[in-house]
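Take a look at the structure below.
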Amino acid sequence: MIRPVLARRERVLPAVQAFAFLVGIVVALALGLILLWTSGHNPAEVYERMFDSAFMGTDSLSRTLERATPLALTGLSVAVAGSMGLWNIGAEGQMMAGAIVATGVAMMADGLSGPLLIALMIVAGVAGGMVLMVGPALARSHLGVSEIITTLMLVYVAIRVVEWLETGPWKDPESFGFAVIEPVPEQAALPGLFGRANIGMLIALGLLIVFWLAVSRTAWGYELRLAGSSPNTARYAGVSLRRKILTALLLSGGIAGLAGAVQLTGSAARLESGLSNGYGFAGIIVAALALMRPSGVAVVAFVFGAVQVGGQSIQTLGVSSAISDILQAMILFGALVAAVFFNYRIRWTGPAADSSGDQSEEPEEPEPAEDAA
Amino acid sequence: MASSDANHAVWLRGIEKRFPGVIACAGADLRVRPGTIHALLGENGAGKTTMVNVLAGVYRPDGGEVWVNGQRRFFQSPADAIAAGVGMVYQEFRLVPTLTVAENIVLGAAPRVLRSAEIEERVAELSAAYGMAADPTRPVWQLSMGERQRVEILKALWRNASVLVMDEPTAVLTPGEAAELGAALRAMADDGRSIIYISHKLDQVVAFCDEATVLRQGKTVATVDDLQDVDLTVLAEMMVGSSEGGYVDRPPEIEAGPEVLSLQGVSALNDRGLPALTDIDMTVRSHEIVGIVGVSGNGQKELAEVINGLRRPTQGRVTVKQQDVTDMAPGDRYRLGLAYVPEDRLGVGLAPKMSVVDNAVVRSYRSQRRGLMLVMAKCVKFCQDLVERFGVRTGRLNDPIAGLSGGNLQRLLLGRELAEQPAVLVAAQPTRGLDVQGVAAIQSHLVAQRTEGVGVLLISEDLDELLALSDRLLVMYEGRVVTELAPDVTPRSVIGEAMAGQVRA
């Protein structure tokens, strides 16, 4: 008779979230044991290597941070749209668009000094991301066309444009026939911080803080939250929903474009079709796990980066890349399942539990205790 | 497992239910005999809705026992309760507008093989059995509120409900429809079913019900075995614990001042694109309360929306303080002096998931700024002032506002609208669903605003309220203002006829 049910939490505490997140990862690692054993590896050795290569020592940490930087930016991009209840599924494409425009600027202005060129390229990246978002944003705000589909479709357009540039107009004449684009000028490389980490990380961190402040502490952010949580109340207060949808989506695209420019100047030497490397899509997972909150985006991006670095490092132990990918996927899956427990907890119900005086909860709808609203 | 006393259809015994910061039920009892109509009475927040939600499997109680038809039950979900014969008809109907009556009724409980003709025939039989006319082939969106309610009841009967719970069933009905409902419920009771009837309208309770349970602050304070023996005022006293009357005194005569709101030849469409308002002319002057009378759905909602800029008129002009506002955004109209308490408190007037503070500054957040930043301390101060001035009972100001009771939501909403001395106040159903004290508080605020020189447009379904408060009554019927009446000299029968579209020359 006693069975578990999911009960909605009355208040979501950050500590609970962190704990659920950790438990999810640990459970996933435990399940990973089976995977590693059956594929003939020593799990202890594999996990130790994963942990060491992601966290131990400045070099390891710098690799994790290098990975976390684009994830934090794309995660923020998705979260900006998400705070208005919109889904930007196409950060991957906007990243590419940003990198394309930034590369174009670098080609035209390669005589400039480093800081100036980098600043220009970053502005160009933002513009590129926004340009790719103009269509979906206008279609959503004025015609109600789902931004989920339009943003996703444009991803493939952006990637194909890069492939065309590689083989056509921007093909490097000195590449001995290979279809690659000329590397960005040397002075356009983002200054390093330590190891492989560069100031792109600080840009991401700074943006997260700015966005957090803007949403929680400005009138603009208040309007955004109002429009996202109760559109009719926003209309009543005189907030233009159209304009809010437009700005949220364009900002989202711009931040993803910035991620492209940072990736180009920070880690990748040149524009290529693999530059976005799935970061844009991963940003959706990052934002969802972070519950669309900037603070959460920082944490989740860091963990996500560590999983990627650790997952790659175990290939040197002879673990095949497929097994490594599966292991990474399992960890993320564990974290995603754990996210259910951010808002819900398990309660054992049945006759025995009925008289226990357990805390209250409501299974269907969290209605307030109020008669006849 | 048989009960020691089988003579009940429902026995909720010592029900306890806590919500964050609120004890909704503190050991309340409810016993309903088979074949009776049982009134469940109490003010807002007394625990009525919580009790029936426990019975319907929506909430699991923290303590107490649920017995239905002689068996102890442990409902894990509404589906369990439906299977045990409990049918629930909520205030907000849960119907699919594009499906037909028959399709809505069998949705989720359809036979494996769907034969429309056969289902429609059985639905027709069921509705005929209790005198609830409903054409099974019509889509639900075409139906009136009264017809939709019949569909909800038929849905429960289709699932063989032996216990039917009706939450404020007559709130959406015309007087004629209410009488029909009473007859249908009586027929079901005679058939051996039990009905739990939640209402604030005591005269209807006495007319329809056999017995009653009165809740106050989560406890059962009285049970009445035969309602025919009881005086209305005694029941009211039991509910509130004192015998305060429902309506504030008629305000003293004040000479009306200059015109503050006018509509000139205004027409508008409803959400379905059909004419909702046709050629409306009206004015509201300072120091007066103008009441809009009419059966709901005759354009009142659209009227309030057009005045406040939430709906575009197809023609005509709206002015506030002699200034044309027809093309002005809602926020700018507010700053010009037009305050609005909308019919939908949660969802339009207030954002349910946002905090009490966030909701308090919906109108004034622009003036709580320093540069780009919103000064949180100023917002909190503004909110605390409102809470104190208007006697809002609230928990933490940073918790979502949806946790407040109906009366406190309305106090906060009205307080927010009045915070910056408006010239006009449009109040749509401002006291609907509130308890006696809440009604009195809101009404005395309206009267006080009139004294201070505000022009009030009061849209209400409560005729007594309109008669008590208004200086002038405008009757709306099918999107037109059909006549203007003086509240103190017009017989009710004349008002009733006007509401039905029959205007005496």
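Please note that chains go A, B, ... in the order of the structure tokens, that every chain numbers its residues from 1, and that ligands are numbered from 1 in the order shown.
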
Margin query: Residues within 7 Å of range 193-208 of chain A, please, as a PyMOL selection string. Count only C-alpha atoms; anything in the same chain fewer than 5 positions from it doesn't count.
Written below: chain A and resi 58-59+62-63+65-66+69+72-73+262+266+294

Residues from the last selection, C-alpha atoms, saved as a compact mmCIF listing (two decimals), in the first residue's frame:
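Below you can see result-v5.txt, which holds the result:
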# COMPACT_ATOMS: atom_id res chain seq x y z
CA THR A 58 46.34 25.02 -12.16
CA ASP A 59 46.72 23.50 -15.60
CA SER A 62 42.50 26.19 -16.44
CA ARG A 63 41.28 23.61 -18.95
CA LEU A 65 37.60 27.04 -17.02
CA GLU A 66 38.44 27.29 -20.70
CA THR A 69 33.61 29.96 -20.55
CA ALA A 72 28.52 30.01 -19.36
CA LEU A 73 27.95 32.45 -22.21
CA VAL A 262 35.26 34.93 -27.47
CA GLY A 266 40.31 32.91 -27.08
CA PRO A 294 22.70 33.64 -13.74

Notebook entry, point to check: Using only C-alpha atoms, which chain B residues lie at most 7 Å away from chain A, written as a PyMOL selection string?
Noted result: chain B and resi 17-19+24+44-45+47-50+58-59+62-63+310+329-331+347-351+353+362-363+365-366+372-374+402-403+405-406+433

Item checked: Residue contacts of Glu272 in chain A (9 Å, only C-alpha atoms) excluding same-chain residues fewer than 5 positions away, as number ranges by chain -> A: 96, 159, 162-163, 166, 180-181

Note to self: Taking only range 67-293 of chain A into account, list the residues labelled alpha helix (DSSP H) by DSSP (computed from the backbone), as an MDAnalysis selection string.
What the structure shows: chainID A and resid 67:82 91:108 114:138 147:167 200:217 219:229 231:236 241:266 279:289

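Residues in contact range of Gly479 in chain B, defined as at most 9 Å between only C-alpha atoms, with sequence neighbours fewer than 3 positions away removed, read Ser267, Ala268, Pro275, Ala276, Leu277, Thr278, Asp279, Ile280, Gly297, Asn298, Gly299, Gln300, Glu302, Leu303, Met476 and Val482 of chain B.
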
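The space between CA of Thr151 in chain A and CA of Met95 in chain A spans 11.9 Å.
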
Notebook entry, point to check: Of the candidates A:Ile346, A:Leu132, A:Val123, A:Ala20, which one gets nearest to Leu152 in chain A if we count only C-alpha atoms?
Noted result: A:Leu132

Notebook entry, point to check: Can you tell me how far CA of Ala56 in chain B sits from CA of Tyr90 in chain B, in Å to one decimal?
Noted result: 10.8 Å

Residues near Leu227 in chain B, anyone? I mean within 10 Å using only C-alpha atoms, not counting same-chain ones fewer than 5 positions away, as an mmCIF file with all heavy atoms, in the first residue's frame.
data_model
loop_
_atom_site.group_PDB
_atom_site.id
_atom_site.type_symbol
_atom_site.label_atom_id
_atom_site.label_comp_id
_atom_site.auth_asym_id
_atom_site.auth_seq_id
_atom_site.Cartn_x
_atom_site.Cartn_y
_atom_site.Cartn_z
ATOM 1 N N HIS B 38 -26.443 19.340 1.299
ATOM 2 C CA HIS B 38 -25.804 19.793 2.527
ATOM 3 C C HIS B 38 -25.020 21.069 2.240
ATOM 4 O O HIS B 38 -24.119 21.078 1.417
ATOM 5 C CB HIS B 38 -24.870 18.690 3.036
ATOM 6 C CG HIS B 38 -24.356 18.933 4.415
ATOM 7 N ND1 HIS B 38 -24.788 18.223 5.496
ATOM 8 C CD2 HIS B 38 -23.443 19.809 4.873
ATOM 9 C CE1 HIS B 38 -24.172 18.659 6.586
ATOM 10 N NE2 HIS B 38 -23.333 19.626 6.230
ATOM 11 N N ALA B 39 -25.360 22.138 2.925
ATOM 12 C CA ALA B 39 -24.644 23.399 2.713
ATOM 13 C C ALA B 39 -23.378 23.433 3.553
ATOM 14 O O ALA B 39 -23.395 23.065 4.729
ATOM 15 C CB ALA B 39 -25.547 24.568 3.085
ATOM 16 N N VAL B 205 -29.030 29.218 0.001
ATOM 17 C CA VAL B 205 -28.739 28.047 0.817
ATOM 18 C C VAL B 205 -30.021 27.570 1.506
ATOM 19 O O VAL B 205 -30.343 26.376 1.507
ATOM 20 C CB VAL B 205 -27.641 28.390 1.851
ATOM 21 C CG1 VAL B 205 -27.591 27.344 2.946
ATOM 22 C CG2 VAL B 205 -26.293 28.511 1.152
ATOM 23 N N VAL B 206 -30.744 28.510 2.074
ATOM 24 C CA VAL B 206 -31.972 28.146 2.781
ATOM 25 C C VAL B 206 -33.004 27.579 1.802
ATOM 26 O O VAL B 206 -33.722 26.638 2.106
ATOM 27 C CB VAL B 206 -32.534 29.367 3.540
ATOM 28 C CG1 VAL B 206 -33.906 29.054 4.099
ATOM 29 C CG2 VAL B 206 -31.585 29.745 4.664
ATOM 30 N N ALA B 207 -33.039 28.142 0.593
ATOM 31 C CA ALA B 207 -34.019 27.671 -0.384
ATOM 32 C C ALA B 207 -33.686 26.279 -0.915
ATOM 33 O O ALA B 207 -34.574 25.477 -1.164
ATOM 34 C CB ALA B 207 -34.102 28.665 -1.540
ATOM 35 N N PHE B 208 -32.382 25.982 -1.092
ATOM 36 C CA PHE B 208 -31.997 24.748 -1.774
ATOM 37 C C PHE B 208 -31.662 23.598 -0.825
ATOM 38 O O PHE B 208 -31.795 22.443 -1.191
ATOM 39 C CB PHE B 208 -30.744 24.980 -2.641
ATOM 40 C CG PHE B 208 -30.940 25.910 -3.806
ATOM 41 C CD1 PHE B 208 -29.846 26.379 -4.511
ATOM 42 C CD2 PHE B 208 -32.207 26.287 -4.209
ATOM 43 C CE1 PHE B 208 -30.024 27.231 -5.591
ATOM 44 C CE2 PHE B 208 -32.387 27.145 -5.287
ATOM 45 C CZ PHE B 208 -31.293 27.620 -5.975
ATOM 46 N N CYS B 209 -31.142 23.897 0.360
ATOM 47 C CA CYS B 209 -30.454 22.849 1.135
ATOM 48 C C CYS B 209 -31.303 22.321 2.276
ATOM 49 O O CYS B 209 -32.222 22.981 2.758
ATOM 50 C CB CYS B 209 -29.133 23.380 1.671
ATOM 51 S SG CYS B 209 -28.044 23.951 0.359
ATOM 52 N N ASP B 210 -30.942 21.089 2.726
ATOM 53 C CA ASP B 210 -31.636 20.453 3.832
ATOM 54 C C ASP B 210 -30.917 20.691 5.145
ATOM 55 O O ASP B 210 -31.527 20.909 6.177
ATOM 56 C CB ASP B 210 -31.722 18.939 3.590
ATOM 57 C CG ASP B 210 -32.345 18.627 2.256
ATOM 58 O OD1 ASP B 210 -33.430 19.148 1.990
ATOM 59 O OD2 ASP B 210 -31.724 17.871 1.474
ATOM 60 N N GLU B 211 -29.597 20.540 5.115
ATOM 61 C CA GLU B 211 -28.824 20.634 6.345
ATOM 62 C C GLU B 211 -27.556 21.439 6.074
ATOM 63 O O GLU B 211 -27.258 21.738 4.914
ATOM 64 C CB GLU B 211 -28.484 19.229 6.859
ATOM 65 C CG GLU B 211 -28.030 18.294 5.748
ATOM 66 C CD GLU B 211 -27.779 16.868 6.221
ATOM 67 O OE1 GLU B 211 -28.555 16.370 7.049
ATOM 68 O OE2 GLU B 211 -26.781 16.282 5.781
ATOM 69 N N ALA B 212 -26.853 21.782 7.120
ATOM 70 C CA ALA B 212 -25.695 22.650 6.916
ATOM 71 C C ALA B 212 -24.610 22.385 7.942
ATOM 72 O O ALA B 212 -24.885 21.918 9.056
ATOM 73 C CB ALA B 212 -26.114 24.118 6.984
ATOM 74 N N LEU B 232 -32.087 33.254 8.858
ATOM 75 C CA LEU B 232 -30.919 33.666 8.066
ATOM 76 C C LEU B 232 -29.872 34.384 8.912
ATOM 77 O O LEU B 232 -28.677 34.125 8.799
ATOM 78 C CB LEU B 232 -31.356 34.627 6.959
ATOM 79 C CG LEU B 232 -31.751 34.039 5.617
ATOM 80 C CD1 LEU B 232 -32.055 35.158 4.639
ATOM 81 C CD2 LEU B 232 -30.618 33.177 5.104
ATOM 82 N N LEU B 235 -27.705 32.088 10.933
ATOM 83 C CA LEU B 235 -26.664 31.455 10.124
ATOM 84 C C LEU B 235 -25.503 32.416 9.890
ATOM 85 O O LEU B 235 -24.333 32.056 10.031
ATOM 86 C CB LEU B 235 -27.235 31.045 8.768
ATOM 87 C CG LEU B 235 -27.871 29.676 8.644
ATOM 88 C CD1 LEU B 235 -28.298 29.453 7.196
ATOM 89 C CD2 LEU B 235 -26.924 28.587 9.092
#

Margin query: Using only C-alpha atoms, which protein or nucleic acid residues come within 12 Å of Met51 in chain B? Drop anything in the same chain fewer than 3 positions from it, and give the result as a PyMOL selection string.
Written below: (chain A and resi 369-371) or (chain B and resi 10-18+24-31+40-42+45-48+54-66+165+167+196+198+213-215+218-220)

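Between CA of Gly395 in chain B and CA of Cys379 in chain B lies a distance of 16.6 Å.
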
Tell me, as a PDB file with N, CA, C and O atoms, in the first residue's frame, which residues lie within 8 Å of Gly75 in chain A, counting only C-alpha atoms; anything in the same chain fewer than 5 positions away does not count.
ATOM      1  N   GLY A 280      26.571  25.695 -28.086  1.00  0.00           N
ATOM      2  CA  GLY A 280      25.279  26.367 -28.130  1.00  0.00           C
ATOM      3  C   GLY A 280      24.160  25.463 -27.650  1.00  0.00           C
ATOM      4  O   GLY A 280      23.308  25.876 -26.873  1.00  0.00           O
ATOM      5  N   ALA A 282      24.611  22.782 -25.765  1.00  0.00           N
ATOM      6  CA  ALA A 282      24.868  22.493 -24.354  1.00  0.00           C
ATOM      7  C   ALA A 282      24.367  23.629 -23.469  1.00  0.00           C
ATOM      8  O   ALA A 282      23.942  23.398 -22.334  1.00  0.00           O
ATOM      9  N   GLY A 283      24.373  24.848 -24.025  1.00  0.00           N
ATOM     10  CA  GLY A 283      23.890  25.997 -23.260  1.00  0.00           C
ATOM     11  C   GLY A 283      22.436  25.831 -22.830  1.00  0.00           C
ATOM     12  O   GLY A 283      22.030  26.342 -21.778  1.00  0.00           O
ATOM     13  N   ILE A 284      21.659  25.119 -23.641  1.00  0.00           N
ATOM     14  CA  ILE A 284      20.252  24.883 -23.277  1.00  0.00           C
ATOM     15  C   ILE A 284      20.181  24.071 -21.992  1.00  0.00           C
ATOM     16  O   ILE A 284      19.418  24.371 -21.073  1.00  0.00           O
ATOM     17  N   ILE A 285      21.044  23.019 -21.939  1.00  0.00           N
ATOM     18  CA  ILE A 285      21.063  22.178 -20.739  1.00  0.00           C
ATOM     19  C   ILE A 285      21.554  22.990 -19.541  1.00  0.00           C
ATOM     20  O   ILE A 285      20.991  22.909 -18.445  1.00  0.00           O
ATOM     21  N   VAL A 286      22.594  23.794 -19.781  1.00  0.00           N
ATOM     22  CA  VAL A 286      23.144  24.602 -18.689  1.00  0.00           C
ATOM     23  C   VAL A 286      22.055  25.521 -18.127  1.00  0.00           C
ATOM     24  O   VAL A 286      21.836  25.577 -16.918  1.00  0.00           O
ATOM     25  N   ALA A 287      21.342  26.223 -19.008  1.00  0.00           N
ATOM     26  CA  ALA A 287      20.330  27.178 -18.554  1.00  0.00           C
ATOM     27  C   ALA A 287      19.183  26.465 -17.849  1.00  0.00           C
ATOM     28  O   ALA A 287      18.688  26.931 -16.819  1.00  0.00           O
ATOM     29  N   VAL A 297      23.863  29.454 -13.670  1.00  0.00           N
ATOM     30  CA  VAL A 297      24.574  29.246 -14.933  1.00  0.00           C
ATOM     31  C   VAL A 297      26.070  29.109 -14.664  1.00  0.00           C
ATOM     32  O   VAL A 297      26.741  28.219 -15.203  1.00  0.00           O
ATOM     33  N   ALA A 301      27.867  25.643 -15.552  1.00  0.00           N
ATOM     34  CA  ALA A 301      28.849  25.688 -16.638  1.00  0.00           C
ATOM     35  C   ALA A 301      30.191  25.139 -16.165  1.00  0.00           C
ATOM     36  O   ALA A 301      30.882  24.409 -16.894  1.00  0.00           O
TER      37      ALA A 301
END

Next item on the list: Mind the document's chain letters and residue numbers, and return as a PyMOL selection string the residues of range 140-373 of chain A that DSSP labels strand (DSSP E).
Entry: chain A and resi 192-194+197-198+344-349

Write out, as a compact mmCIF listing (two decimals), in the first residue's frame, the residues just selected, with all heavy atoms.
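Written output follows (part.txt):
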# COMPACT_ATOMS: atom_id res chain seq x y z
N GLY A 192 45.97 35.70 -22.05
CA GLY A 192 45.77 34.56 -21.16
C GLY A 192 45.79 35.01 -19.71
O GLY A 192 46.26 36.09 -19.37
N LEU A 193 45.21 34.18 -18.84
CA LEU A 193 45.26 34.46 -17.41
C LEU A 193 46.26 33.52 -16.75
O LEU A 193 47.28 33.91 -16.21
CB LEU A 193 43.88 34.26 -16.78
CG LEU A 193 42.85 35.35 -17.06
CD1 LEU A 193 41.51 34.96 -16.49
CD2 LEU A 193 43.33 36.67 -16.49
N PHE A 194 45.95 32.23 -16.81
CA PHE A 194 46.89 31.22 -16.35
C PHE A 194 46.56 29.94 -17.10
O PHE A 194 45.39 29.71 -17.45
CB PHE A 194 46.82 31.02 -14.83
CG PHE A 194 45.51 30.46 -14.35
CD1 PHE A 194 45.37 29.09 -14.11
CD2 PHE A 194 44.41 31.29 -14.17
CE1 PHE A 194 44.16 28.58 -13.66
CE2 PHE A 194 43.21 30.78 -13.73
CZ PHE A 194 43.07 29.42 -13.47
N ALA A 197 43.44 29.20 -19.42
CA ALA A 197 42.35 30.14 -19.17
C ALA A 197 42.73 31.52 -19.67
O ALA A 197 43.86 31.95 -19.51
CB ALA A 197 42.03 30.20 -17.68
N ASN A 198 41.79 32.20 -20.30
CA ASN A 198 42.05 33.56 -20.77
C ASN A 198 40.98 34.51 -20.26
O ASN A 198 40.07 34.10 -19.54
CB ASN A 198 42.13 33.58 -22.30
CG ASN A 198 40.84 33.05 -22.93
OD1 ASN A 198 39.75 33.51 -22.61
ND2 ASN A 198 40.97 32.06 -23.81
N TYR A 344 10.69 19.11 -6.41
CA TYR A 344 9.86 18.05 -5.86
C TYR A 344 10.68 17.21 -4.90
O TYR A 344 11.89 17.14 -4.99
CB TYR A 344 9.31 17.15 -6.98
CG TYR A 344 8.37 17.84 -7.90
CD1 TYR A 344 8.83 18.49 -9.04
CD2 TYR A 344 7.01 17.88 -7.61
CE1 TYR A 344 7.95 19.15 -9.88
CE2 TYR A 344 6.13 18.54 -8.45
CZ TYR A 344 6.60 19.17 -9.59
OH TYR A 344 5.73 19.82 -10.41
N ARG A 345 9.97 16.57 -3.98
CA ARG A 345 10.65 15.61 -3.14
C ARG A 345 9.81 14.34 -3.10
O ARG A 345 8.61 14.38 -3.42
CB ARG A 345 10.85 16.16 -1.74
CG ARG A 345 9.57 16.53 -1.06
CD ARG A 345 9.83 17.42 0.13
NE ARG A 345 8.57 17.81 0.73
CZ ARG A 345 7.86 17.03 1.54
NH1 ARG A 345 8.32 15.83 1.88
NH2 ARG A 345 6.72 17.43 2.02
N ILE A 346 10.43 13.25 -2.72
CA ILE A 346 9.69 11.99 -2.65
C ILE A 346 8.98 11.91 -1.31
O ILE A 346 9.54 12.23 -0.28
CB ILE A 346 10.64 10.78 -2.82
CG1 ILE A 346 11.13 10.73 -4.26
CG2 ILE A 346 9.93 9.49 -2.43
CD1 ILE A 346 11.97 9.53 -4.56
N ARG A 347 7.74 11.52 -1.35
CA ARG A 347 7.02 11.29 -0.11
C ARG A 347 6.43 9.90 -0.19
O ARG A 347 5.86 9.50 -1.21
CB ARG A 347 5.91 12.31 0.06
CG ARG A 347 5.49 12.46 1.51
CD ARG A 347 4.37 13.46 1.63
NE ARG A 347 3.12 12.71 1.73
CZ ARG A 347 2.18 12.98 2.62
NH1 ARG A 347 2.34 13.97 3.46
NH2 ARG A 347 1.07 12.28 2.66
N TRP A 348 6.58 9.15 0.88
CA TRP A 348 6.00 7.80 0.91
C TRP A 348 4.61 7.92 1.47
O TRP A 348 4.41 8.46 2.54
CB TRP A 348 6.85 6.88 1.77
CG TRP A 348 8.23 6.75 1.19
CD1 TRP A 348 9.31 7.50 1.50
CD2 TRP A 348 8.64 5.85 0.15
NE1 TRP A 348 10.37 7.13 0.72
CE2 TRP A 348 10.00 6.11 -0.11
CE3 TRP A 348 7.99 4.85 -0.58
CZ2 TRP A 348 10.72 5.42 -1.07
CZ3 TRP A 348 8.71 4.15 -1.53
CH2 TRP A 348 10.06 4.44 -1.77
N THR A 349 3.63 7.46 0.71
CA THR A 349 2.27 7.61 1.19
C THR A 349 1.60 6.26 1.32
O THR A 349 2.05 5.25 0.78
CB THR A 349 1.41 8.42 0.21
OG1 THR A 349 1.40 7.72 -1.03
CG2 THR A 349 1.95 9.80 0.02

Next item on the list: Compare B:Gly182, B:Gly337, B:Gly257, B:Gly407 by their minimum atom-to-atom distance to Val426 in chain B, counting only C-alpha atoms, and give me the closest one.
Entry: B:Gly337
